[in-house]
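Structure file query_37.pdb with PDB, C-alpha atoms:
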MODEL        1
ATOM      1  CA  GLU A  91      89.284   0.151 148.862  1.00  0.00           C
ATOM      2  CA  GLY A  92      91.643   0.988 151.677  1.00  0.00           C
ATOM      3  CA  LEU A  93      94.595   0.537 149.418  1.00  0.00           C
ATOM      4  CA  ARG A  94      93.107   2.687 146.703  1.00  0.00           C
ATOM      5  CA  GLY A  95      92.407   5.425 149.213  1.00  0.00           C
ATOM      6  CA  MET A  96      95.928   5.269 150.400  1.00  0.00           C
ATOM      7  CA  ILE A  97      97.253   5.366 146.836  1.00  0.00           C
ATOM      8  CA  SER A  98      94.994   8.325 146.120  1.00  0.00           C
ATOM      9  CA  GLN A  99      96.216  10.059 149.260  1.00  0.00           C
ATOM     10  CA  LEU A 100      99.800   9.300 148.297  1.00  0.00           C
ATOM     11  CA  LYS A 101      99.198  10.672 144.783  1.00  0.00           C
ATOM     12  CA  ASP A 102      97.641  13.805 146.269  1.00  0.00           C
ATOM     13  CA  ALA A 103     100.506  14.124 148.706  1.00  0.00           C
ATOM     14  CA  ASN A 104     102.993  13.535 145.853  1.00  0.00           C
ATOM     15  CA  HIS A 105     101.204  16.162 143.746  1.00  0.00           C
ATOM     16  CA  GLU A 106     101.288  18.621 146.665  1.00  0.00           C
ATOM     17  CA  LEU A 107     104.944  17.853 147.300  1.00  0.00           C
ATOM     18  CA  ALA A 108     105.768  18.341 143.592  1.00  0.00           C
ATOM     19  CA  SER A 109     103.866  21.642 143.627  1.00  0.00           C
ATOM     20  CA  SER A 110     105.609  22.717 146.820  1.00  0.00           C
ATOM     21  CA  LEU A 111     108.947  21.669 145.358  1.00  0.00           C
ATOM     22  CA  GLU A 112     108.265  23.673 142.188  1.00  0.00           C
ATOM     23  CA  THR A 113     107.264  26.685 144.301  1.00  0.00           C
ATOM     24  CA  ALA A 114     110.404  26.248 146.424  1.00  0.00           C
ATOM     25  CA  HIS A 115     112.546  26.081 143.242  1.00  0.00           C
ATOM     26  CA  LYS A 116     110.902  29.230 141.892  1.00  0.00           C
ATOM     27  CA  SER A 117     111.427  30.964 145.243  1.00  0.00           C
ATOM     28  CA  ARG A 118     115.029  29.784 145.324  1.00  0.00           C
ATOM     29  CA  ASP A 119     115.606  31.049 141.743  1.00  0.00           C
ATOM     30  CA  GLU A 120     113.983  34.376 142.618  1.00  0.00           C
ATOM     31  CA  ALA A 121     116.138  34.581 145.751  1.00  0.00           C
ATOM     32  CA  LYS A 122     119.245  33.813 143.659  1.00  0.00           C
ATOM     33  CA  GLU A 123     118.283  36.570 141.200  1.00  0.00           C
ATOM     34  CA  ALA A 124     117.659  38.975 144.072  1.00  0.00           C
ATOM     35  CA  LEU A 125     121.004  37.977 145.624  1.00  0.00           C
ATOM     36  CA  VAL A 126     122.809  38.534 142.294  1.00  0.00           C
ATOM     37  CA  ALA A 127     121.069  41.916 141.883  1.00  0.00           C
ATOM     38  CA  ALA A 128     121.913  42.857 145.484  1.00  0.00           C
ATOM     39  CA  THR A 129     125.524  41.743 144.959  1.00  0.00           C
ATOM     40  CA  GLU A 130     125.779  43.876 141.801  1.00  0.00           C
ATOM     41  CA  GLU A 131     124.213  46.838 143.627  1.00  0.00           C
ATOM     42  CA  ASN A 132     126.638  46.281 146.512  1.00  0.00           C
ATOM     43  CA  LYS A 133     129.568  46.284 144.065  1.00  0.00           C
ATOM     44  CA  LYS A 134     128.317  49.528 142.465  1.00  0.00           C
ATOM     45  CA  MET A 135     127.899  51.108 145.891  1.00  0.00           C
ATOM     46  CA  ALA A 136     131.409  49.957 146.896  1.00  0.00           C
ATOM     47  CA  VAL A 137     132.845  51.620 143.768  1.00  0.00           C
ATOM     48  CA  GLU A 138     130.837  54.776 144.485  1.00  0.00           C
ATOM     49  CA  LEU A 139     132.025  54.694 148.109  1.00  0.00           C
ATOM     50  CA  GLU A 140     135.638  54.442 146.943  1.00  0.00           C
ATOM     51  CA  ALA A 141     135.130  57.397 144.607  1.00  0.00           C
ATOM     52  CA  GLU A 142     133.491  59.458 147.358  1.00  0.00           C
ATOM     53  CA  THR A 143     136.262  58.485 149.801  1.00  0.00           C
ATOM     54  CA  ALA A 144     138.851  59.640 147.255  1.00  0.00           C
ATOM     55  CA  LYS A 145     136.949  62.938 146.847  1.00  0.00           C
ATOM     56  CA  VAL A 146     136.852  63.402 150.615  1.00  0.00           C
ATOM     57  CA  GLU A 147     140.597  62.711 150.877  1.00  0.00           C
ATOM     58  CA  THR A 148     141.249  65.204 148.072  1.00  0.00           C
ATOM     59  CA  LEU A 149     139.126  67.812 149.832  1.00  0.00           C
ATOM     60  CA  GLU A 150     140.870  67.132 153.153  1.00  0.00           C
ATOM     61  CA  ASN A 151     144.255  67.561 151.459  1.00  0.00           C
ATOM     62  CA  GLN A 152     143.055  70.805 149.871  1.00  0.00           C
ATOM     63  CA  VAL A 153     141.806  72.040 153.248  1.00  0.00           C
ATOM     64  CA  GLN A 154     145.206  71.252 154.789  1.00  0.00           C
ATOM     65  CA  ALA A 155     146.997  73.060 151.963  1.00  0.00           C
ATOM     66  CA  ASP A 156     144.652  76.037 152.327  1.00  0.00           C
ATOM     67  CA  ARG A 157     145.263  76.142 156.090  1.00  0.00           C
ATOM     68  CA  LYS A 158     149.029  76.141 155.547  1.00  0.00           C
ATOM     69  CA  LEU A 159     148.674  78.898 152.956  1.00  0.00           C
ATOM     70  CA  LEU A 160     146.497  80.892 155.342  1.00  0.00           C
ATOM     71  CA  GLU A 161     149.083  80.469 158.116  1.00  0.00           C
ATOM     72  CA  ARG A 162     151.840  81.704 155.773  1.00  0.00           C
ATOM     73  CA  LEU A 163     149.690  84.654 154.714  1.00  0.00           C
ATOM     74  CA  ASP A 164     148.966  85.447 158.362  1.00  0.00           C
ATOM     75  CA  MET A 165     152.699  85.418 159.130  1.00  0.00           C
ATOM     76  CA  ARG A 166     153.364  87.682 156.133  1.00  0.00           C
ATOM     77  CA  TYR A 167     150.602  90.030 157.252  1.00  0.00           C
ATOM     78  CA  ILE A 168     152.009  90.194 160.784  1.00  0.00           C
ATOM     79  CA  ALA A 169     155.497  90.878 159.389  1.00  0.00           C
ATOM     80  CA  LYS A 170     154.145  93.617 157.096  1.00  0.00           C
ATOM     81  CA  GLU A 171     152.186  95.083 159.997  1.00  0.00           C
ATOM     82  CA  LYS A 172     155.358  95.245 162.120  1.00  0.00           C
ATOM     83  CA  GLU A 173     157.235  96.755 159.179  1.00  0.00           C
ATOM     84  CA  HIS A 174     154.468  99.336 158.788  1.00  0.00           C
ATOM     85  CA  GLU A 175     154.622 100.206 162.492  1.00  0.00           C
ATOM     86  CA  ALA A 176     158.407 100.628 162.268  1.00  0.00           C
ATOM     87  CA  THR A 177     157.981 102.852 159.204  1.00  0.00           C
ATOM     88  CA  LEU A 178     155.399 104.975 161.018  1.00  0.00           C
ATOM     89  CA  LYS A 179     157.748 105.319 163.996  1.00  0.00           C
ATOM     90  CA  ALA A 180     160.616 106.346 161.705  1.00  0.00           C
ATOM     91  CA  LEU A 181     158.302 108.797 159.945  1.00  0.00           C
ATOM     92  CA  LYS A 182     157.318 110.401 163.264  1.00  0.00           C
ATOM     93  CA  GLU A 183     160.985 110.695 164.194  1.00  0.00           C
ATOM     94  CA  LEU A 184     161.725 112.311 160.832  1.00  0.00           C
ATOM     95  CA  GLU A 185     158.793 114.692 161.239  1.00  0.00           C
ATOM     96  CA  GLY A 186     160.171 115.719 164.633  1.00  0.00           C
ATOM     97  CA  LYS A 187     163.638 116.240 163.160  1.00  0.00           C
ATOM     98  CA  THR A 188     162.121 118.156 160.253  1.00  0.00           C
ATOM     99  CA  ALA A 189     160.274 120.447 162.657  1.00  0.00           C
ATOM    100  CA  VAL A 190     163.508 121.117 164.591  1.00  0.00           C
ATOM    101  CA  ILE A 191     165.425 121.771 161.375  1.00  0.00           C
ATOM    102  CA  SER A 192     162.659 124.041 160.113  1.00  0.00           C
ATOM    103  CA  SER A 193     162.713 125.991 163.364  1.00  0.00           C
ATOM    104  CA  GLU A 194     166.522 126.253 163.259  1.00  0.00           C
ATOM    105  CA  ARG A 195     166.339 127.389 159.646  1.00  0.00           C
ATOM    106  CA  GLU A 196     163.783 130.034 160.531  1.00  0.00           C
ATOM    107  CA  MET A 197     166.027 131.295 163.356  1.00  0.00           C
ATOM    108  CA  ALA A 198     169.047 131.301 161.047  1.00  0.00           C
ATOM    109  CA  THR A 199     167.056 133.232 158.454  1.00  0.00           C
ATOM    110  CA  ARG A 200     166.062 135.793 161.088  1.00  0.00           C
ATOM    111  CA  ARG A 201     169.684 136.085 162.232  1.00  0.00           C
ATOM    112  CA  LEU A 202     170.815 136.548 158.653  1.00  0.00           C
ATOM    113  CA  LYS A 203     168.206 139.258 158.109  1.00  0.00           C
ATOM    114  CA  ALA A 204     169.306 140.907 161.338  1.00  0.00           C
ATOM    115  CA  LEU A 205     172.939 140.821 160.249  1.00  0.00           C
ATOM    116  CA  GLU A 206     171.975 142.213 156.856  1.00  0.00           C
ATOM    117  CA  GLU A 207     170.022 144.958 158.635  1.00  0.00           C
ATOM    118  CA  VAL A 208     172.998 145.721 160.837  1.00  0.00           C
ATOM    119  CA  SER A 209     175.214 145.944 157.786  1.00  0.00           C
ATOM    120  CA  SER A 210     172.689 148.034 155.858  1.00  0.00           C
ATOM    121  CA  LYS A 211     172.396 150.530 158.727  1.00  0.00           C
ATOM    122  CA  GLY A 212     176.132 150.859 158.886  1.00  0.00           C
ATOM    123  CA  LEU A 213     176.158 149.525 162.418  1.00  0.00           C
ATOM    124  CA  ASP A 214     179.193 147.496 161.629  1.00  0.00           C
ATOM    125  CA  LYS A 215     181.129 150.791 161.705  1.00  0.00           C
ATOM    126  CA  ASP A 216     179.362 152.404 164.692  1.00  0.00           C
ATOM    127  CA  HIS A 217     180.186 150.073 167.592  1.00  0.00           C
ATOM    128  CA  ASP A 218     177.948 151.681 170.228  1.00  0.00           C
ATOM    129  CA  LYS A 219     174.901 151.521 168.001  1.00  0.00           C
ATOM    130  CA  ALA A 220     175.831 147.968 166.992  1.00  0.00           C
ATOM    131  CA  ILE A 221     176.073 146.841 170.615  1.00  0.00           C
ATOM    132  CA  GLU A 222     172.658 148.332 171.279  1.00  0.00           C
ATOM    133  CA  GLU A 223     171.138 146.604 168.213  1.00  0.00           C
ATOM    134  CA  PHE A 224     172.794 143.301 169.084  1.00  0.00           C
ATOM    135  CA  ALA A 225     171.368 143.486 172.584  1.00  0.00           C
ATOM    136  CA  LYS A 226     167.889 143.901 171.093  1.00  0.00           C
ATOM    137  CA  LEU A 227     168.545 141.030 168.722  1.00  0.00           C
ATOM    138  CA  SER A 228     169.811 138.887 171.563  1.00  0.00           C
ATOM    139  CA  VAL A 229     166.585 139.410 173.426  1.00  0.00           C
ATOM    140  CA  GLN A 230     164.626 138.531 170.263  1.00  0.00           C
ATOM    141  CA  CYS A 231     166.724 135.408 169.741  1.00  0.00           C
ATOM    142  CA  LEU A 232     166.141 134.267 173.312  1.00  0.00           C
ATOM    143  CA  GLU A 233     162.418 134.830 172.856  1.00  0.00           C
ATOM    144  CA  MET A 234     162.488 132.780 169.624  1.00  0.00           C
ATOM    145  CA  ALA A 235     164.396 130.005 171.375  1.00  0.00           C
ATOM    146  CA  ASP A 236     161.763 129.930 174.105  1.00  0.00           C
ATOM    147  CA  GLU A 237     159.030 129.780 171.448  1.00  0.00           C
ATOM    148  CA  ALA A 238     160.846 126.957 169.665  1.00  0.00           C
ATOM    149  CA  LYS A 239     161.053 124.937 172.902  1.00  0.00           C
ATOM    150  CA  ASP A 240     157.307 125.259 173.400  1.00  0.00           C
TER     151      ASP A 240
ENDMDL
END

Spell out the structure here as structure tokens.
Amino acid sequence: EGLRGMISQLKDANHELASSLETAHKSRDEAKEALVAATEENKKMAVELEAETAKVETLENQVQADRKLLERLDMRYIAKEKEHEATLKALKELEGKTAVISSEREMATRRLKALEEVSSKGLDKDHDKAIEEFAKLSVQCLEMADEAKD
């Protein structure tokens, strides 16, 4: 009976080992399938990562191009601003010259009127009266010159 018990134990042990081996094979096959699935997922993620990296590089290049464009626009703006300031300065100078010319024109017009008045009064023939009128006009001209300076 000792031998039969041992044979029975060996059969049981063999059955357990066969069952364990079958379970190990199933686990190994499942692990292989999981590894294949993980490998495929890894490949997909690597492709997606490459695509995203390319997008990021494209965006970085666009940002660099936009920065360069912005720098050029800034330089243009600064140049236009300086040009505008120079134009304003020239305009102020012209306004000043225009004011002087206008004042000189007004004085010339007054002188012309005075000369016409002298001629119309016949002062060009009466020298004493003319000298008296010219003295008055001189005073008026000096007063206008003083006003123009102010």

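Our summary of the geometry notes that CA of Lys226 (chain A) is positioned 12.7 Å from CA of Glu207 (chain A).
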
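Comparing the minimum interatomic distances between Ala235 (chain A) and each of A:Ser193, A:Ser210, A:Gln154, A:Gln99, counting all atoms listed in the file, we find that A:Ser193 sits nearest.
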
Shell of 10 Å around Glu194 (chain A), all atoms listed in the file, local chain residues under 4 positions omitted, as an MDAnalysis selection string: chainID A and resid 188:190 198:200 234:235 238

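Reported to one decimal place, the separation of CA of Ala127 (chain A) from CA of Ala114 (chain A) is 19.5 Å.
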
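Computed from the coordinates, the CA of His217 (chain A) to CA of Leu205 (chain A) distance equals 13.9 Å.
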
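Among the candidate residues A:Leu202, A:Ala121, A:Leu160, A:Met197, the one lying nearest to Glu237 (chain A) is A:Met197, with distances computed using only C-alpha atoms.
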
Box time for region 176-187 of chain A: axis-aligned, enclosing all its listed atoms, 4 Å extra on each side; report centre and edge lengths in Å to one decimal, as JSON.
{"center_x": 159.5, "center_y": 108.4, "center_z": 161.9, "size_x": 16.2, "size_y": 23.6, "size_z": 13.4}
